[in-house]
>>> print(open('protein_3.csv').read())   # CSV, C-alpha atoms
chain,number,residue,atom,x,y,z
M,5,MET,CA,64.5,138.0,148.0
M,6,SER,CA,62.7,138.2,144.6
M,7,THR,CA,59.2,139.7,144.2
M,8,ARG,CA,57.9,136.3,143.3
M,9,THR,CA,59.2,134.7,146.5
M,10,ARG,CA,57.8,137.5,148.6
M,11,LEU,CA,54.5,137.1,146.8
M,12,LEU,CA,54.4,133.4,147.5
M,13,LEU,CA,55.2,134.0,151.2
M,14,CYS,CA,52.5,136.6,151.5
M,15,LEU,CA,50.0,134.3,149.9
M,16,ALA,CA,51.0,131.5,152.3
M,17,ALA,CA,50.6,133.7,155.3
M,18,LEU,CA,47.2,135.0,154.2
M,19,GLY,CA,46.2,131.4,153.4
M,20,ALA,CA,47.2,130.3,156.9
M,21,LEU,CA,45.2,133.1,158.5
M,22,HIS,CA,42.1,132.4,156.4
M,23,LEU,CA,42.4,128.7,157.2
M,24,ALA,CA,42.5,129.4,160.9
M,25,VAL,CA,39.3,131.5,160.5
M,26,ALA,CA,37.6,129.0,158.2
M,27,CYS,CA,38.3,126.2,160.8
M,28,ALA,CA,37.2,128.4,163.7
M,29,GLY,CA,35.3,125.6,165.3
M,30,PHE,CA,38.5,123.6,165.7
M,31,PHE,CA,40.6,126.4,167.1
M,32,ALA,CA,37.9,128.0,169.3
M,33,PRO,CA,37.4,126.3,172.7
M,34,TYR,CA,33.7,127.1,173.0
M,35,ASP,CA,30.6,127.8,171.0
M,36,PRO,CA,30.6,131.6,170.3
M,37,SER,CA,27.0,131.9,171.6
M,38,ALA,CA,27.5,130.0,174.8
M,39,GLN,CA,27.0,132.2,177.8
M,40,ASP,CA,28.3,132.0,181.4
M,41,ARG,CA,26.4,134.7,183.3
M,42,GLY,CA,28.5,134.1,186.3
M,43,ARG,CA,31.7,135.4,184.6
M,44,PRO,CA,30.9,138.8,183.0
M,45,TYR,CA,34.0,140.6,181.7
M,46,ALA,CA,36.4,138.0,183.0
M,47,PRO,CA,40.0,139.0,182.1
M,48,PRO,CA,42.3,136.8,179.9
M,49,MET,CA,43.7,133.7,181.6
M,50,SER,CA,47.4,133.2,181.0
M,51,LEU,CA,49.1,129.8,180.4
M,52,HIS,CA,51.9,128.6,182.6
M,53,PHE,CA,54.6,125.9,182.6
M,54,VAL,CA,56.1,126.7,186.0
M,55,ASP,CA,53.9,126.5,189.1
M,56,ALA,CA,54.1,128.6,192.3
M,57,GLN,CA,56.6,126.1,193.9
M,58,GLY,CA,59.0,126.4,190.9
M,59,GLY,CA,58.1,123.0,189.4
M,60,PHE,CA,58.1,122.7,185.6
M,61,HIS,CA,55.2,121.1,183.8
M,62,LEU,CA,55.3,119.8,180.2
M,63,ARG,CA,51.5,120.3,179.9
M,64,PRO,CA,50.5,124.0,180.1
M,65,PHE,CA,48.1,125.0,182.7
M,66,SER,CA,46.2,128.0,184.0
M,67,TYR,CA,44.9,129.1,187.3
M,68,ALA,CA,41.2,129.4,188.0
M,69,GLN,CA,39.7,132.8,188.6
M,70,LYS,CA,37.3,133.8,191.4
M,71,PRO,CA,35.3,137.0,191.8
M,72,ARG,CA,36.9,139.5,194.1
M,73,THR,CA,35.0,140.0,197.3
M,74,GLY,CA,32.3,142.7,197.0
M,75,THR,CA,32.5,142.9,193.1
M,76,PHE,CA,30.8,141.1,190.2
M,77,ASP,CA,33.2,142.0,187.4
M,78,GLU,CA,36.6,141.9,189.1
M,79,TYR,CA,38.5,138.7,189.4
M,80,GLU,CA,41.7,137.3,191.0
M,81,SER,CA,43.7,134.2,190.3
M,82,ASP,CA,43.2,131.2,192.6
M,83,GLY,CA,46.8,129.9,192.9
M,84,ALA,CA,45.6,126.8,194.7
M,85,LYS,CA,43.5,125.6,191.8
M,86,ALA,CA,45.5,124.8,188.6
M,87,ILE,CA,43.6,123.9,185.4
M,88,PRO,CA,45.6,121.6,183.1
M,89,VAL,CA,45.0,122.3,179.4
M,90,LYS,CA,44.1,119.4,177.2
M,91,PHE,CA,44.6,119.0,173.5
M,92,PHE,CA,42.2,117.6,170.8
M,93,VAL,CA,39.3,117.3,173.2
M,94,ALA,CA,35.6,116.8,172.5
M,95,GLY,CA,33.5,119.9,173.0
M,96,ALA,CA,30.6,121.9,171.4
M,97,PRO,CA,29.6,120.6,168.0
M,98,TYR,CA,30.4,122.6,164.9
M,99,ARG,CA,30.9,122.2,161.1
M,100,VAL,CA,34.3,122.3,159.4
M,101,LEU,CA,34.0,124.8,156.5
M,102,GLY,CA,30.3,124.7,157.2
M,103,VAL,CA,29.9,121.2,155.9
M,104,LEU,CA,31.6,118.4,157.9
M,105,PRO,CA,30.2,117.9,161.5
M,106,SER,CA,32.8,117.6,164.2
M,107,ARG,CA,33.3,118.0,168.0
M,108,VAL,CA,37.1,118.0,168.2
M,109,HIS,CA,38.7,121.2,169.6
M,110,LEU,CA,42.4,122.1,169.7
M,111,LEU,CA,42.3,123.2,173.3
M,112,GLY,CA,40.0,122.4,176.2
M,113,VAL,CA,39.8,121.7,179.9
M,114,ALA,CA,38.1,119.3,182.2
M,115,ASP,CA,34.3,119.5,182.7
M,116,GLY,CA,33.4,122.2,185.3
M,117,ALA,CA,36.5,124.3,184.6
M,118,THR,CA,36.8,127.3,182.3
M,119,LEU,CA,39.5,128.5,180.0
M,120,ASN,CA,39.1,132.0,178.6
M,121,LEU,CA,42.5,132.9,177.0
M,122,LEU,CA,41.3,136.3,175.8
M,123,GLY,CA,38.7,136.9,178.5
M,124,THR,CA,34.9,137.2,178.2
M,125,ASP,CA,32.3,139.8,177.3
M,126,ALA,CA,29.3,141.1,179.2
M,127,TYR,CA,27.4,137.8,178.9
M,128,GLY,CA,30.4,135.6,179.8
M,129,ARG,CA,30.9,134.5,176.2
M,130,ASP,CA,34.5,133.4,175.3
M,131,LEU,CA,36.1,136.3,173.4
M,132,LEU,CA,38.6,134.1,171.5
M,133,SER,CA,35.8,131.9,170.1
M,134,ARG,CA,33.8,135.0,169.1
M,135,ILE,CA,36.8,136.6,167.4
M,136,LEU,CA,37.4,133.4,165.3
M,137,PHE,CA,33.8,132.9,164.4
M,138,GLY,CA,33.3,136.6,163.8
M,139,GLY,CA,36.1,136.5,161.3
M,140,GLN,CA,34.2,134.0,159.2
M,141,VAL,CA,31.3,136.5,158.8
M,142,SER,CA,33.4,139.6,158.2
M,143,LEU,CA,35.9,138.0,155.9
M,144,LEU,CA,33.3,136.2,153.9
M,145,ALA,CA,31.4,139.5,153.5
M,146,GLY,CA,34.6,141.2,152.3
M,147,LEU,CA,35.4,138.4,149.9
M,148,ILE,CA,32.0,138.1,148.4
M,149,GLY,CA,31.5,141.9,148.3
M,150,ALA,CA,34.8,142.3,146.5
M,151,GLY,CA,33.9,139.6,144.0
M,152,LEU,CA,30.5,141.2,143.4
M,153,THR,CA,32.0,144.7,143.0
M,154,LEU,CA,34.7,143.5,140.5
M,155,SER,CA,32.1,141.5,138.5
M,156,ILE,CA,29.9,144.6,138.2
M,157,GLY,CA,32.9,146.8,137.4
M,158,LEU,CA,34.3,144.4,134.9
M,159,CYS,CA,31.1,144.1,133.0
M,160,ILE,CA,30.3,147.8,133.0
M,161,GLY,CA,33.9,148.9,132.3
M,162,ALA,CA,34.3,146.4,129.4
M,163,ALA,CA,30.9,147.4,127.9
M,164,ALA,CA,31.8,151.2,128.1
M,165,GLY,CA,35.3,150.8,126.7
M,166,PHE,CA,34.5,148.4,123.9
M,167,TRP,CA,31.3,149.8,122.5
M,168,GLY,CA,31.8,153.4,123.4
M,169,GLY,CA,29.4,156.1,122.2
M,170,TRP,CA,26.4,157.0,124.2
M,171,LYS,CA,26.7,153.8,126.3
M,172,ASP,CA,30.1,154.9,127.4
M,173,GLU,CA,28.9,158.4,128.3
M,174,VAL,CA,25.9,157.2,130.3
M,175,LEU,CA,27.8,154.5,132.2
M,176,MET,CA,30.8,156.8,133.0
M,177,ARG,CA,28.5,159.6,134.2
M,178,VAL,CA,26.8,157.2,136.6
M,179,ALA,CA,30.2,156.0,137.8
M,180,GLU,CA,31.4,159.5,138.4
M,181,LEU,CA,28.2,160.1,140.5
M,182,PHE,CA,29.2,157.1,142.7
M,183,LEU,CA,32.7,158.3,143.0
M,184,ALA,CA,31.7,161.8,143.9
M,185,LEU,CA,29.6,160.6,146.9
M,186,PRO,CA,31.5,159.6,150.1
M,187,TRP,CA,31.2,155.8,150.3
M,188,ILE,CA,30.2,155.8,153.9
M,189,TYR,CA,27.2,158.0,153.3
M,190,LEU,CA,26.3,156.0,150.2
M,191,LEU,CA,26.5,152.9,152.2
M,192,PHE,CA,24.1,154.3,154.9
M,193,ALA,CA,21.7,155.5,152.2
M,194,MET,CA,21.5,152.2,150.5
M,195,ARG,CA,21.1,150.4,153.8
M,196,ALA,CA,18.3,152.8,154.8
M,197,PHE,CA,16.1,151.5,152.0
M,198,LEU,CA,16.4,147.9,153.3
M,199,PRO,CA,14.5,146.4,156.2
M,200,LEU,CA,16.0,147.3,159.6
M,201,THR,CA,15.2,144.1,161.5
M,202,VAL,CA,15.9,140.9,159.6
M,203,PRO,CA,17.2,137.4,160.5
M,204,PRO,CA,21.0,137.0,160.6
M,205,VAL,CA,21.3,135.2,157.3
M,206,LYS,CA,19.3,137.7,155.4
M,207,ALA,CA,21.1,140.5,157.2
M,208,PHE,CA,24.4,139.1,156.1
M,209,LEU,CA,23.2,138.8,152.5
M,210,LEU,CA,21.9,142.4,152.6
M,211,VAL,CA,25.2,143.7,153.9
M,212,VAL,CA,27.1,141.8,151.1
M,213,VAL,CA,24.8,143.2,148.4
M,214,VAL,CA,25.0,146.7,149.8
M,215,ILE,CA,28.8,146.9,150.1
M,216,GLY,CA,29.2,145.1,146.7
M,217,ALA,CA,26.9,147.5,144.9
M,218,VAL,CA,28.7,150.6,146.3
M,219,GLY,CA,32.3,150.2,145.1
M,220,TRP,CA,32.0,149.2,141.4
M,221,ALA,CA,32.7,152.6,139.9
M,222,ARG,CA,36.5,152.8,140.4
M,223,PRO,CA,37.2,149.3,139.0
M,224,ALA,CA,34.8,150.0,136.1
M,225,ARG,CA,36.8,153.1,135.1
M,226,MET,CA,40.1,151.2,135.3
M,227,VAL,CA,38.8,148.4,133.2
M,228,ARG,CA,37.4,150.9,130.7
M,229,GLY,CA,40.9,152.4,130.3
M,230,ILE,CA,42.5,149.1,129.7
M,231,VAL,CA,39.8,148.0,127.2
M,232,LEU,CA,40.2,151.3,125.3
M,233,SER,CA,43.9,150.7,124.9
M,234,ALA,CA,43.6,146.9,124.2
M,235,LYS,CA,41.0,147.1,121.5
M,236,GLU,CA,43.4,149.3,119.4
M,237,ARG,CA,46.3,146.8,119.5
M,238,ASP,CA,47.5,145.1,116.4
M,239,PHE,CA,46.5,141.5,117.4
M,240,VAL,CA,42.9,142.7,118.2
M,241,ARG,CA,42.7,144.5,114.8
M,242,ALA,CA,43.9,141.4,113.1
M,243,ALA,CA,41.4,139.2,114.8
M,244,ARG,CA,38.6,141.7,113.9
M,245,GLY,CA,39.8,141.6,110.3
M,246,PHE,CA,39.5,137.8,110.2
M,247,GLY,CA,35.8,138.2,111.3
M,248,ALA,CA,36.0,137.7,115.0
M,249,THR,CA,32.9,138.8,116.9
M,250,GLY,CA,32.8,141.3,119.7
M,251,GLY,CA,32.2,138.7,122.3
M,252,TYR,CA,35.1,136.6,121.0
M,253,LEU,CA,37.4,139.6,121.1
M,254,LEU,CA,36.4,140.5,124.6
M,255,ARG,CA,36.7,136.9,125.9
M,256,ARG,CA,40.0,135.9,124.2
M,257,HIS,CA,42.0,139.1,123.7
M,258,ILE,CA,40.8,142.1,125.7
M,259,LEU,CA,39.5,140.9,129.1
M,260,PRO,CA,42.7,138.8,129.8
M,261,GLU,CA,44.6,142.1,129.6
M,262,THR,CA,42.7,143.3,132.7
M,263,ALA,CA,43.6,140.2,134.9
M,264,SER,CA,46.6,141.9,136.7
M,265,MET,CA,44.5,145.0,137.5
M,266,VAL,CA,41.6,142.9,138.7
M,267,LEU,CA,43.8,140.9,141.1
M,268,THR,CA,45.4,144.0,142.5
M,269,GLN,CA,42.0,145.6,143.0
M,270,ALA,CA,40.7,142.5,144.7
M,271,ALA,CA,43.6,142.7,147.2
M,272,ILE,CA,42.7,146.3,147.9
M,273,LEU,CA,38.9,145.9,148.0
M,274,VAL,CA,38.7,142.9,150.4
M,275,PRO,CA,40.0,144.7,153.5
M,276,GLN,CA,38.0,147.8,152.5
M,277,PHE,CA,34.8,145.8,152.4
M,278,VAL,CA,35.6,144.0,155.6
M,279,LEU,CA,35.9,147.5,157.1
M,280,ALA,CA,32.5,148.4,155.5
M,281,GLU,CA,30.9,145.4,157.1
M,282,MET,CA,32.4,146.2,160.4
M,283,THR,CA,31.1,149.8,160.2
M,284,LEU,CA,27.6,148.7,159.5
M,285,SER,CA,27.6,146.0,162.3
M,286,PHE,CA,29.3,148.4,164.7
M,287,LEU,CA,26.4,150.9,164.2
M,288,GLY,CA,23.8,148.2,164.5
M,289,LEU,CA,22.9,148.1,160.8
M,290,GLY,CA,24.7,144.9,159.9
M,291,VAL,CA,24.8,141.3,161.2
M,292,PRO,CA,22.8,141.3,164.5
M,293,GLU,CA,23.6,139.5,167.8
M,294,PRO,CA,24.0,136.8,168.8
M,295,VAL,CA,25.9,136.0,165.5
M,296,PRO,CA,29.4,137.3,166.0
M,297,SER,CA,31.1,139.6,163.5
M,298,TRP,CA,34.2,141.8,164.0
M,299,GLY,CA,31.9,144.8,163.8
M,300,ASN,CA,29.4,143.9,166.6
M,301,LEU,CA,32.3,142.6,168.7
M,302,LEU,CA,33.6,146.2,168.8
M,303,ALA,CA,30.1,147.6,169.4
M,304,SER,CA,30.5,147.2,173.2
M,305,LEU,CA,33.2,149.8,173.1
M,306,GLN,CA,30.5,152.4,172.5
M,307,HIS,CA,29.9,152.2,176.3
M,308,TYR,CA,32.3,154.4,178.3
M,309,ASN,CA,32.6,152.0,181.2
M,310,VAL,CA,33.7,149.2,178.8
M,311,LEU,CA,36.1,151.6,177.0
M,312,VAL,CA,38.0,152.5,180.2
M,313,SER,CA,37.6,149.4,182.4
M,314,TYR,CA,38.1,146.3,180.2
M,315,TRP,CA,41.2,146.5,178.0
M,316,TRP,CA,40.7,143.0,176.6
M,317,MET,CA,37.6,144.2,174.7
M,318,TYR,CA,40.1,145.9,172.3
M,319,LEU,CA,41.7,142.6,171.3
M,320,PRO,CA,39.4,142.1,168.3
M,321,VAL,CA,41.2,145.1,166.7
M,322,LEU,CA,44.5,143.3,167.0
M,323,ALA,CA,43.1,140.2,165.4
M,324,MET,CA,42.2,142.3,162.3
M,325,VAL,CA,45.6,143.9,161.8
M,326,PRO,CA,47.4,140.9,160.3
M,327,PHE,CA,44.6,140.5,157.7
M,328,PHE,CA,44.6,144.1,156.7
M,329,LEU,CA,48.4,144.3,156.5
M,330,GLY,CA,48.6,141.1,154.6
M,331,TYR,CA,46.2,142.3,151.9
M,332,LEU,CA,47.9,145.6,151.6
M,333,VAL,CA,51.3,143.9,151.2
M,334,LEU,CA,49.7,141.5,148.6
M,335,ALA,CA,48.4,144.5,146.6
M,336,SER,CA,51.8,146.1,146.6
M,337,LEU,CA,53.5,142.9,145.5
M,338,LEU,CA,51.0,142.3,142.8
M,339,GLN,CA,51.5,145.8,141.5
M,340,ALA,CA,55.3,145.4,141.6
M,341,SER,CA,55.2,142.0,139.9
M,342,ASN,CA,53.2,143.5,137.0
M,343,ALA,CA,55.4,146.6,136.6
M,344,PRO,CA,58.2,144.9,134.6
M,345,SER,CA,55.8,143.5,132.0
M,346,LYS,CA,54.3,147.0,131.5
M,347,ILE,CA,57.7,148.5,131.0
M,348,GLU,CA,58.6,145.9,128.5
M,349,GLU,CA,55.4,146.5,126.6
M,350,VAL,CA,56.2,150.2,126.4
M,351,VAL,CA,59.7,149.7,125.3
M,352,SER,CA,58.7,147.2,122.6
M,353,GLY,CA,56.1,149.6,121.4
M,354,VAL,CA,58.7,152.3,121.0
>>> encode(input="protein_3.csv", output="structure tokens")
Amino acid sequence: MSTRTRLLLCLAALGALHLAVACAGFFAPYDPSAQDRGRPYAPPMSLHFVDAQGGFHLRPFSYAQKPRTGTFDEYESDGAKAIPVKFFVAGAPYRVLGVLPSRVHLLGVADGATLNLLGTDAYGRDLLSRILFGGQVSLLAGLIGAGLTLSIGLCIGAAAGFWGGWKDEVLMRVAELFLALPWIYLLFAMRAFLPLTVPPVKAFLLVVVVIGAVGWARPARMVRGIVLSAKERDFVRAARGFGATGGYLLRRHILPETASMVLTQAAILVPQFVLAEMTLSFLGLGVPEPVPSWGNLLASLQHYNVLVSYWWMYLPVLAMVPFFLGYLVLASLLQASNAPSKIEEVVSGV
């Protein structure tokens, strides 16, 4: 299988994962903030096609759960009460891609019944719904943060490499300062200067700005190296000899040379910044409850009783693995796809 084919398959898989998160309202059976205080820490409910008598059903079903006698957070299946699963049912209102209002959900059950495929949290909120909606917050923070970082790094690196002199010295010394500091402490330091208690939307924007402003140094140095090399090439010298301005040279000849590096860095930075958002939210410095994010979904694992008693509270971690692996594979494929062109350039230069 060629590198191009693998790259397209990886992009298709990542696109499908992002589409599922973007359309979380359709795939999630419930509103992520809806509580059922009578079902705290309910375990996942499994789907069945064969009932207790051995009969086969085309429509999947699940068995209702009832609290075990003498407990409030232990449940057992009620084999006498089957709950048929319905498809494309009307439920809690939501907006597709944040724009189009809708009430259609992929899965649902009859009124009065409950279907928690991945269990519930301490407030009886459906964990599957919160994972899907939490992915919207965490992935959007990673995507916007990576875009902000690459924009800053591209501007600073291009300016330092193209104009050089004292501007290059100052910008690169600042970049080295950012690189010398551990990013997690730098993240905490920048967040400490911002208000601690803010509304969810402002908290999200603050998190995006913080994580985007922390990681620009490495892309800036890489862009600077490419610009230093590109501005000495013959076609750039020829364009300069014909009177091309600095802005024209950057826009038409030099910055396009950085495209492959920028795409590879984007594939690396998105999961890194998703992890940064998760870290802040896990420690209570990011997006606050009741808005779900992958970070505050894992915050309950700070409690020992949750850590040892309710294994399904680890499931948000498993939901993140395909995204992280997908981006890392994408970065490797992008790097591999650009390697032959670089070799050809070196050979032609010799």
>>> residues_near_point(input="protein_3.csv", point="(32.0, 152.4, 131.9)", cutoff="12 Å", atoms="only C-alpha atoms", output="PyMOL selection string")
chain M and resi 156-180+220-232
>>> closest_atom_pairs(input="protein_3.csv", of="segment 179-267 of chain M", to="segment 137-155 of chain M", cutoff="10 Å", atoms="only C-alpha atoms", output="tab-separated table")
residue	atom	partner	partner_atom	distance
M:Phe208	CA	M:Ala145	CA	7.5
M:Leu209	CA	M:Ala145	CA	8.3
M:Leu210	CA	M:Ala145	CA	10.0
M:Val211	CA	M:Ala145	CA	7.5
M:Val212	CA	M:Gly149	CA	5.2
M:Val213	CA	M:Gly149	CA	6.8
M:Val214	CA	M:Gly149	CA	8.2
M:Ile215	CA	M:Gly149	CA	6.0
M:Gly216	CA	M:Gly149	CA	4.3
M:Ala217	CA	M:Thr153	CA	6.1
M:Val218	CA	M:Thr153	CA	7.5
M:Gly219	CA	M:Thr153	CA	5.9
M:Trp220	CA	M:Thr153	CA	4.8
M:Ala221	CA	M:Thr153	CA	8.5
M:Arg222	CA	M:Leu154	CA	9.5
M:Pro223	CA	M:Leu154	CA	6.5
M:Ala224	CA	M:Leu154	CA	7.8
M:Val227	CA	M:Leu154	CA	9.7
M:Val266	CA	M:Leu154	CA	7.2
M:Leu267	CA	M:Leu154	CA	9.5
>>> closest_residue(input="protein_3.csv", among="M:Ile272, M:Glu293, M:Ala234, M:Ile188", to="Leu259 of chain M", atoms="only C-alpha atoms")
M:Ala234
>>> closest_residue(input="protein_3.csv", among="M:Asp35, M:Glu281, M:Glu261, M:Asp238", to="Ser133 of chain M", atoms="only C-alpha atoms")
M:Asp35
>>> atom_distance(input="protein_3.csv", atom1="atom CA of Val321 of chain M", atom2="atom CA of Ser106 of chain M")
28.9 Å
>>> atom_distance(input="protein_3.csv", atom1="atom CA of Val295 of chain M", atom2="atom CA of Pro36 of chain M")
8.0 Å
>>> atom_distance(input="protein_3.csv", atom1="atom CA of Thr268 of chain M", atom2="atom CA of Ala335 of chain M")
5.1 Å
>>> closest_atom_pairs(input="protein_3.csv", of="segment 13-34 of chain M", to="segment 74-96 of chain M", cutoff="9 Å", atoms="all atoms listed in the file", output="tab-separated table")
residue	atom	partner	partner_atom	distance
M:Gly29	CA	M:Ala96	CA	8.5
M:Phe30	CA	M:Phe92	CA	8.7
M:Pro33	CA	M:Gly95	CA	7.5
M:Tyr34	CA	M:Ala96	CA	6.3
>>> residues_around(input="protein_3.csv", residues="segment 307-313 of chain M", least_positions_apart="3", cutoff="10 Å", atoms="all atoms listed in the file", output="ChimeraX atom specification")
/M:45,77,125-126,303-304,316-318
>>> residues_near_point(input="protein_3.csv", point="(55.7, 125.8, 186.1)", cutoff="12 Å", atoms="all atoms listed in the file", output="VMD selection string")
chain M and resid 51 to 67 83 86 88
>>> write_last_selection(input="protein_3.csv", atoms="C-alpha atoms", output="PDB file, keeping the file's coordinate frame")
ATOM      1  CA  LEU M  51      49.100 129.800 180.400  1.00  0.00           C
ATOM      2  CA  HIS M  52      51.900 128.600 182.600  1.00  0.00           C
ATOM      3  CA  PHE M  53      54.600 125.900 182.600  1.00  0.00           C
ATOM      4  CA  VAL M  54      56.100 126.700 186.000  1.00  0.00           C
ATOM      5  CA  ASP M  55      53.900 126.500 189.100  1.00  0.00           C
ATOM      6  CA  ALA M  56      54.100 128.600 192.300  1.00  0.00           C
ATOM      7  CA  GLN M  57      56.600 126.100 193.900  1.00  0.00           C
ATOM      8  CA  GLY M  58      59.000 126.400 190.900  1.00  0.00           C
ATOM      9  CA  GLY M  59      58.100 123.000 189.400  1.00  0.00           C
ATOM     10  CA  PHE M  60      58.100 122.700 185.600  1.00  0.00           C
ATOM     11  CA  HIS M  61      55.200 121.100 183.800  1.00  0.00           C
ATOM     12  CA  LEU M  62      55.300 119.800 180.200  1.00  0.00           C
ATOM     13  CA  ARG M  63      51.500 120.300 179.900  1.00  0.00           C
ATOM     14  CA  PRO M  64      50.500 124.000 180.100  1.00  0.00           C
ATOM     15  CA  PHE M  65      48.100 125.000 182.700  1.00  0.00           C
ATOM     16  CA  SER M  66      46.200 128.000 184.000  1.00  0.00           C
ATOM     17  CA  TYR M  67      44.900 129.100 187.300  1.00  0.00           C
ATOM     18  CA  GLY M  83      46.800 129.900 192.900  1.00  0.00           C
ATOM     19  CA  ALA M  86      45.500 124.800 188.600  1.00  0.00           C
ATOM     20  CA  PRO M  88      45.600 121.600 183.100  1.00  0.00           C
TER      21      PRO M  88
END
>>> closest_residue(input="protein_3.csv", among="M:Leu338, M:Val325, M:Ala20, M:Leu121", to="Ala263 of chain M", atoms="all atoms listed in the file")
M:Leu338
